[in-house]
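Okay, so here's the structure we're looking at.
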Amino acid sequence: MDRKGPPSTDLLSHDGKPLVKGFVIQVLWKDVQPNGPGDFVTTKIDQQVAFAKEHNLPVRMRVYAGYNSPGWVLKQGGSLPWQGSEGNGGPKSYTVPVFWGAAFQQLFATFDAKLAARYDPVPEVREVVVGLCTTNFAEPFIRQFNVTSNTTQAKGKGYTDASNEQCLRKTIDIVKADWKTTNMAMAFNPYQSISSTGANDKTAASASSSVVVPKEIATYCIQQLGQRCVLGNNSMKGGARGASYNALYAMMTSLKAPIYIQTATNVKINDWKQALSSAVKVGALSIELPVGYTKWDLATLQTYNAQLQANQTRL
């Protein structure tokens with residue numbers, strides 16, 4: 001899958017066989033409702049849906065909140081200043097919503113219901129990523145708590161591990177209520193607790209503890225949505241990822257749910273063939289490719305479609 005929108009039509013096939021077989025529609029809440037709840041600007045989304053229909057391509061709709069929430073939402077639902085983690089991309093400083101608070105969650109739920117009413121009936125929209133509990137990326141387990149000011153700010157607004165886990169479950173509840181046929185995809189990472197800077201990747205014990213909460217949330221998702229719950233990770237690289245990520249991938253595979261993988265960026269991916277092979281080994285049914293994949297050897301890239309298809313037997 002192309003993770004940045006519709007691929008060039010010359011990438012839909014290679015040497016007479018399918019190549020890129022889907023793409024991601026990025027939905028920024030601030031673009032859809034820039035001035036208030038009465039707004040519902042979907043022109044860009046609809047153009048991409050039309051491309052999907054024309055070329056018979058499935059899409060994953062990734063809905064961004066976090067710092068991509070509208071200004072009026074940040075005002076009504078509460079917000080706080082945030083700092084990006086060094087080397088992780090995104091802006092250095094930005095404003096995030098109090099996503100663990102009831103006011104923000106209600107505003108998002110109202111928006112999501114409106115989005116689902118329009119796109120749940122669209123067969124090309126196979127999966128939705130609901131970014132309720134996020135800061136900058138569409139990854140609800142990434143918190144930037146290695147930055148001391150972030151933990152201080154969050155605690156000052158009432159953030160706790162319990163309120164965070166409530167938000168993660170709320171995400172699933174919202175999808176269950178709003179999206180009746182569309183699958184839900186959620187990105188998982190080793191857990192980042194407010195009480196620590198995260199797991200020590202060097203010990204088996206810390207690696208095991210870092211996936212306890214992710215497994216609880218994944219299990220809840222499967223309980224609520226069945227095989228409509230798609231587990232994912234957005235940072236697959238070629239080469240070793242460390243004990244915590246090994247534990248995460250093992251946990252995801254063990255639950256026998258559908259899995260998607262997004263690779264790391266082209267700068268961080270290292271050996272792309274190894275990264276894609278690792279995604280297949282985890283059990284992925286789809287892989288989101290980074291910007292720059294068009295320069296890879298397309299014949300080699302094409303071979304992974306059959307491997308991903310074969311993973312369906314795991315389900």
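Note on naming: chains are A, B, ... as they come in the structure tokens, residues start from 1 per chain, ligands start from 1 in the order shown.
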Per residue of region 5-96 of chain A within 8 Å of region 104-114 of chain A, note the shortest atom pair and the distance in Å to one decimal, counting only C-alpha atoms, and order the rows by chain and increasing residue number, as CSV.
residue,atom,partner,partner_atom,distance
A:Pro37,CA,A:Phe111,CA,7.6
A:Val73,CA,A:Phe104,CA,7.2
A:Leu74,CA,A:Phe104,CA,7.9
A:Gln76,CA,A:Phe104,CA,7.5
A:Gly77,CA,A:Phe104,CA,4.2
A:Gly78,CA,A:Phe104,CA,7.1
How would the residues just picked look written out with all heavy atoms as a CSV table (one decimal), in the first residue's frame?
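To be explicit, this is the file written out as part-v3.csv:
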chain,number,residue,atom,x,y,z
A,37,PRO,N,-18.1,22.8,14.4
A,37,PRO,CA,-18.8,21.5,14.1
A,37,PRO,C,-19.7,21.5,12.9
A,37,PRO,O,-20.0,20.4,12.4
A,37,PRO,CB,-19.5,21.2,15.4
A,37,PRO,CG,-19.7,22.6,16.0
A,37,PRO,CD,-18.5,23.4,15.6
A,73,VAL,N,-11.5,23.0,18.6
A,73,VAL,CA,-11.6,21.8,19.4
A,73,VAL,C,-10.6,21.9,20.6
A,73,VAL,O,-10.9,21.6,21.7
A,73,VAL,CB,-11.4,20.5,18.6
A,73,VAL,CG1,-11.2,19.3,19.5
A,73,VAL,CG2,-12.5,20.3,17.6
A,74,LEU,N,-9.4,22.3,20.3
A,74,LEU,CA,-8.4,22.5,21.3
A,74,LEU,C,-8.8,23.5,22.4
A,74,LEU,O,-8.5,23.3,23.6
A,74,LEU,CB,-7.1,23.0,20.7
A,74,LEU,CG,-6.4,22.0,19.7
A,74,LEU,CD1,-5.2,22.6,19.0
A,74,LEU,CD2,-6.0,20.7,20.4
A,76,GLN,N,-12.1,24.2,23.1
A,76,GLN,CA,-13.3,23.7,23.9
A,76,GLN,C,-12.9,22.5,24.7
A,76,GLN,O,-13.4,22.3,25.8
A,76,GLN,CB,-14.4,23.3,22.9
A,76,GLN,CG,-15.1,24.5,22.3
A,76,GLN,CD,-16.2,24.1,21.4
A,76,GLN,OE1,-16.9,23.1,21.6
A,76,GLN,NE2,-16.5,24.9,20.4
A,77,GLY,N,-12.1,21.6,24.2
A,77,GLY,CA,-11.8,20.4,24.8
A,77,GLY,C,-10.5,20.4,25.7
A,77,GLY,O,-10.3,19.4,26.5
A,78,GLY,N,-9.8,21.5,25.7
A,78,GLY,CA,-8.6,21.6,26.5
A,78,GLY,C,-7.4,21.2,25.7
A,78,GLY,O,-7.4,20.3,24.9
**OP:** Would you kindly return, as a list in words, each protein, DNA or RNA residue with an atom no farther than 9 Å from any atom of region 44-52 of chain A, considering only C-alpha atoms and excluding same-chain residues fewer than 3 positions away?
**Re:** Gly5, Pro6, Gly22, Phe23, Ile25, Gln26, Val27, Val41, His55, Asn56, Leu57, Pro58, Val59, Val122, Glu124 and Val125 of chain A
For the selection just defined, write its residues with N, CA and C atoms to a file, as a compact mmCIF listing (two decimals), in the first residue's frame.
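Output file part-v8.txt is given in full below:
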# COMPACT_ATOMS: atom_id res chain seq x y z
N GLY A 5 -1.29 8.34 -0.02
CA GLY A 5 -2.36 8.67 -0.94
C GLY A 5 -2.29 7.84 -2.20
N PRO A 6 -3.11 8.16 -3.20
CA PRO A 6 -3.17 7.38 -4.43
C PRO A 6 -1.80 7.28 -5.10
N GLY A 22 -3.29 -0.91 -3.00
CA GLY A 22 -4.13 -0.12 -2.12
C GLY A 22 -3.37 1.11 -1.65
N PHE A 23 -4.06 2.00 -0.92
CA PHE A 23 -3.38 3.19 -0.43
C PHE A 23 -4.10 3.73 0.80
N ILE A 25 -5.72 6.97 2.81
CA ILE A 25 -6.27 8.33 2.77
C ILE A 25 -5.99 8.98 4.12
N GLN A 26 -5.24 10.04 4.11
CA GLN A 26 -4.93 10.76 5.34
C GLN A 26 -5.99 11.83 5.58
N VAL A 27 -6.68 11.73 6.71
CA VAL A 27 -7.75 12.67 7.05
C VAL A 27 -7.32 13.47 8.27
N VAL A 41 -15.77 19.47 5.40
CA VAL A 41 -15.10 19.66 4.11
C VAL A 41 -14.42 18.36 3.71
N HIS A 55 -10.09 2.55 -9.90
CA HIS A 55 -9.05 1.53 -10.09
C HIS A 55 -9.26 0.29 -9.22
N ASN A 56 -10.45 0.20 -8.60
CA ASN A 56 -10.80 -0.97 -7.79
C ASN A 56 -9.74 -1.26 -6.72
N LEU A 57 -9.42 -0.22 -5.94
CA LEU A 57 -8.39 -0.34 -4.91
C LEU A 57 -9.01 -0.16 -3.52
N PRO A 58 -8.64 -1.01 -2.57
CA PRO A 58 -9.06 -0.78 -1.20
C PRO A 58 -8.23 0.33 -0.57
N VAL A 59 -8.83 1.02 0.41
CA VAL A 59 -8.10 2.07 1.10
C VAL A 59 -8.23 1.91 2.61
N VAL A 122 -19.10 3.00 2.04
CA VAL A 122 -18.26 2.97 0.84
C VAL A 122 -17.42 1.70 0.85
N GLU A 124 -14.95 0.61 -0.84
CA GLU A 124 -13.49 0.75 -1.01
C GLU A 124 -12.80 1.12 0.30
N VAL A 125 -13.52 1.72 1.24
CA VAL A 125 -12.94 2.07 2.55
C VAL A 125 -12.98 0.82 3.42
Please identify every residue of region 35-73 of chain A that has at least one atom no farther than 9 Å from an atom of region 79-99 of chain A, counting only C-alpha atoms, and for each give the shortest atom pair and the distance in Å to one decimal, arranged by chain then increasing number, as JSON lines.
{"residue": "A:Ala65", "atom": "CA", "partner": "A:Pro97", "partner_atom": "CA", "distance": 8.4}
{"residue": "A:Gly66", "atom": "CA", "partner": "A:Val96", "partner_atom": "CA", "distance": 5.3}
{"residue": "A:Tyr67", "atom": "CA", "partner": "A:Val96", "partner_atom": "CA", "distance": 4.8}
{"residue": "A:Asn68", "atom": "CA", "partner": "A:Val96", "partner_atom": "CA", "distance": 8.3}
{"residue": "A:Ser69", "atom": "CA", "partner": "A:Pro97", "partner_atom": "CA", "distance": 7.5}
{"residue": "A:Val73", "atom": "CA", "partner": "A:Pro97", "partner_atom": "CA", "distance": 8.0}
Original post:
In Å, with one decimal, what is the gap from CA of Tyr260 (chain A) to CA of Tyr64 (chain A)?
Top reply: 17.9 Å
**OP:** Would you mind reading off the distance between CA of Val213 (chain A) and CA of Val129 (chain A), one decimal, in Å?
**Re:** 19.1 Å
**OP:** Please identify all polymer residues within 9 Å of Pro123 (chain A), counting only C-alpha atoms, omitting same-chain residues fewer than 5 positions from it, and present them as number ranges by chain.
**Re:** A: 53, 58, 181-182
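Residue nearest Lys30 (chain A), chosen from A:Gln312, A:Asn246, A:Thr42, A:Ser210 and counting only C-alpha atoms: A:Thr42.
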Subject >> Shortest interatomic distance to Ile194 (chain A) - which of A:Ala177, A:Val147, A:Val130, A:Ile269, counting only C-alpha atoms >> reply: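 Ranking A:Ala177, A:Val147, A:Val130, A:Ile269 by distance to Ile194 (chain A), first place goes to A:Val147.
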Residues flagged strand (DSSP E or B) by DSSP in region 111-157 of chain A, as a PDB file with N, CA, C and O atoms, in the first residue's frame:
ATOM      1  N   VAL A 125     -13.516   1.724   1.244  1.00  0.00           N
ATOM      2  CA  VAL A 125     -12.935   2.074   2.546  1.00  0.00           C
ATOM      3  C   VAL A 125     -12.982   0.820   3.417  1.00  0.00           C
ATOM      4  O   VAL A 125     -13.968   0.534   4.080  1.00  0.00           O
ATOM      5  N   ARG A 126     -11.896   0.056   3.402  1.00  0.00           N
ATOM      6  CA  ARG A 126     -11.860  -1.230   4.086  1.00  0.00           C
ATOM      7  C   ARG A 126     -11.533  -1.087   5.572  1.00  0.00           C
ATOM      8  O   ARG A 126     -11.977  -1.884   6.383  1.00  0.00           O
ATOM      9  N   GLU A 127     -10.695  -0.097   5.913  1.00  0.00           N
ATOM     10  CA  GLU A 127     -10.254   0.057   7.299  1.00  0.00           C
ATOM     11  C   GLU A 127     -10.221   1.530   7.670  1.00  0.00           C
ATOM     12  O   GLU A 127      -9.946   2.386   6.822  1.00  0.00           O
ATOM     13  N   VAL A 128     -10.473   1.790   8.944  1.00  0.00           N
ATOM     14  CA  VAL A 128     -10.347   3.137   9.470  1.00  0.00           C
ATOM     15  C   VAL A 128      -9.407   3.109  10.666  1.00  0.00           C
ATOM     16  O   VAL A 128      -9.439   2.191  11.481  1.00  0.00           O
ATOM     17  N   VAL A 129      -8.527   4.099  10.734  1.00  0.00           N
ATOM     18  CA  VAL A 129      -7.652   4.305  11.886  1.00  0.00           C
ATOM     19  C   VAL A 129      -8.190   5.531  12.617  1.00  0.00           C
ATOM     20  O   VAL A 129      -8.227   6.620  12.053  1.00  0.00           O
ATOM     21  N   VAL A 130      -8.627   5.357  13.842  1.00  0.00           N
ATOM     22  CA  VAL A 130      -9.271   6.426  14.594  1.00  0.00           C
ATOM     23  C   VAL A 130      -8.263   7.007  15.590  1.00  0.00           C
ATOM     24  O   VAL A 130      -7.909   6.372  16.572  1.00  0.00           O
TER      25      VAL A 130
END
Subject >> Neighbour list for region 237-240 of chain A as a ChimeraX atom specification, cut-off 12 Å, only C-alpha atoms, skip fewer than 5 positions in-chain >> reply: /A:201,245-246,261-279,289-290
**OP:** Identify which of the residues A:Ile287, A:Ala102, A:Met1, A:Ala187 lies closest to Gly158 (chain A), counting only C-alpha atoms when measuring atom-to-atom distances.
**Re:**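 For Gly158 (chain A), the nearest of the given residues is A:Ala102.
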**OP:** List every residue of region 162-203 of chain A that DSSP, applied to the backbone, labels as alpha helix (DSSP H), and write the result as a ChimeraX atom specification.
**Re:** /A:162-178
Write the residues of the selection above to a file with N, CA and C atoms, as a CSV table (one decimal), in the first residue's frame.
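Written file, selection_9.csv:
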chain,number,residue,atom,x,y,z
A,162,ALA,N,-4.2,5.0,33.9
A,162,ALA,CA,-5.6,4.6,33.8
A,162,ALA,C,-6.5,5.4,32.9
A,163,SER,N,-6.3,6.7,32.9
A,163,SER,CA,-7.1,7.6,32.0
A,163,SER,C,-6.7,7.3,30.5
A,164,ASN,N,-5.4,7.0,30.3
A,164,ASN,CA,-4.9,6.7,29.0
A,164,ASN,C,-5.5,5.4,28.5
A,165,GLU,N,-5.5,4.4,29.3
A,165,GLU,CA,-6.1,3.1,28.9
A,165,GLU,C,-7.6,3.2,28.7
A,166,GLN,N,-8.3,4.1,29.4
A,166,GLN,CA,-9.7,4.3,29.2
A,166,GLN,C,-9.9,4.9,27.8
A,167,CYS,N,-9.0,5.8,27.4
A,167,CYS,CA,-9.1,6.5,26.1
A,167,CYS,C,-8.9,5.4,25.0
A,168,LEU,N,-8.0,4.5,25.2
A,168,LEU,CA,-7.7,3.5,24.2
A,168,LEU,C,-8.9,2.6,24.0
A,169,ARG,N,-9.5,2.3,25.1
A,169,ARG,CA,-10.8,1.5,25.0
A,169,ARG,C,-11.9,2.3,24.4
A,170,LYS,N,-11.9,3.5,24.7
A,170,LYS,CA,-13.0,4.4,24.1
A,170,LYS,C,-12.8,4.5,22.6
A,171,THR,N,-11.6,4.5,22.1
A,171,THR,CA,-11.4,4.4,20.6
A,171,THR,C,-12.1,3.3,20.0
A,172,ILE,N,-12.0,2.1,20.6
A,172,ILE,CA,-12.6,0.9,20.1
A,172,ILE,C,-14.1,1.0,20.2
A,173,ASP,N,-14.6,1.5,21.3
A,173,ASP,CA,-16.1,1.7,21.5
A,173,ASP,C,-16.7,2.6,20.5
A,174,ILE,N,-16.0,3.7,20.2
A,174,ILE,CA,-16.4,4.6,19.2
A,174,ILE,C,-16.6,3.9,17.8
A,175,VAL,N,-15.5,3.2,17.4
A,175,VAL,CA,-15.6,2.5,16.2
A,175,VAL,C,-16.8,1.5,16.1
A,176,LYS,N,-16.9,0.7,17.2
A,176,LYS,CA,-18.0,-0.2,17.3
A,176,LYS,C,-19.4,0.4,17.1
A,177,ALA,N,-19.5,1.6,17.7
A,177,ALA,CA,-20.8,2.3,17.6
A,177,ALA,C,-21.0,2.9,16.2
A,178,ASP,N,-19.9,3.4,15.6
A,178,ASP,CA,-20.1,4.2,14.4
A,178,ASP,C,-19.9,3.5,13.1
Subject >> Given only C-alpha atoms as the counted atoms, nearest of A:Asn233, A:Thr313, A:Thr148, A:Asn305 to Ile259 (chain A) >> reply: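 For Ile259 (chain A), the nearest of the given residues is A:Asn233.
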Original post:
Which residue out of A:Asn189, A:Thr9, A:Asn183, A:Ser254 has the minimum interatomic distance to Asn234 (chain A) when only C-alpha atoms are used?
Top reply: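 Among the listed residues, A:Asn189 lies closest to Asn234 (chain A).
For the residues A:Leu115, A:Ala257, A:Ala250, A:Ala218, ranking by smallest atom-to-atom distance to Gln33 (chain A) using only C-alpha atoms places A:Leu115 first.
Across the model, the gap from CA of Thr253 (chain A) to CA of Leu301 (chain A) is 23.0 Å.
Counting only C-alpha atoms, Gly36 (chain A) has the following residues at most 9 Å away, ignoring those fewer than 2 positions along the same chain: Gln33, Pro34, Gly38, Asp39, Phe40, Pro70, Gly71, Trp72 and Val73 of chain A.
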**OP:** For Ser193 (chain A), list every protein, DNA or RNA residue within 10 Å, evaluated using only C-alpha atoms, and leave out those in the same chain fewer than 2 positions away; present the list as an NGL selection string.
**Re:** :A and (141-143 or 145 or 151 or 160-162 or 164 or 190-191 or 195-199 or 210 or 213)
May I have the selected residues written with N, CA and C atoms, as a compact mmCIF listing (two decimals), in the first residue's frame?
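What landed in part.txt:
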# COMPACT_ATOMS: atom_id res chain seq x y z
N PHE A 141 0.06 4.64 21.10
CA PHE A 141 0.95 4.18 22.17
C PHE A 141 2.26 4.97 22.21
N ILE A 142 2.39 5.99 21.35
CA ILE A 142 3.58 6.84 21.35
C ILE A 142 3.24 8.12 22.12
N ARG A 143 4.04 8.42 23.17
CA ARG A 143 3.68 9.52 24.06
C ARG A 143 4.77 10.58 24.24
N PHE A 145 7.16 10.60 26.33
CA PHE A 145 7.35 10.81 27.75
C PHE A 145 8.83 10.78 28.15
N THR A 151 5.70 14.99 30.54
CA THR A 151 5.11 14.28 31.68
C THR A 151 4.58 15.28 32.71
N THR A 160 -3.24 10.06 33.64
CA THR A 160 -2.73 8.90 34.36
C THR A 160 -2.71 7.72 33.39
N ASP A 161 -2.01 6.67 33.76
CA ASP A 161 -2.04 5.48 32.93
C ASP A 161 -3.47 4.95 32.80
N ALA A 162 -4.23 5.05 33.88
CA ALA A 162 -5.61 4.56 33.85
C ALA A 162 -6.46 5.38 32.87
N ASN A 164 -5.39 7.04 30.31
CA ASN A 164 -4.91 6.74 28.96
C ASN A 164 -5.51 5.43 28.46
N PRO A 190 5.47 -0.70 22.11
CA PRO A 190 5.71 -0.96 23.53
C PRO A 190 5.16 0.19 24.37
N TYR A 191 4.59 -0.14 25.52
CA TYR A 191 3.86 0.85 26.30
C TYR A 191 4.78 1.89 26.93
N SER A 195 4.64 7.03 34.46
CA SER A 195 5.47 6.89 35.67
C SER A 195 6.92 6.51 35.37
N SER A 196 7.22 6.29 34.10
CA SER A 196 8.59 5.97 33.71
C SER A 196 8.81 6.42 32.27
N THR A 197 10.03 6.35 31.80
CA THR A 197 10.33 6.76 30.43
C THR A 197 10.14 5.62 29.44
N GLY A 198 9.57 4.51 29.90
CA GLY A 198 9.33 3.39 29.00
C GLY A 198 10.17 2.19 29.35
N ALA A 199 10.02 1.15 28.58
CA ALA A 199 10.70 -0.11 28.89
C ALA A 199 12.19 -0.01 28.64
N SER A 210 6.46 -4.41 28.84
CA SER A 210 6.10 -3.32 27.92
C SER A 210 4.95 -3.69 26.98
N VAL A 213 0.01 -3.91 28.60
CA VAL A 213 -1.12 -3.04 28.26
C VAL A 213 -1.49 -3.17 26.79
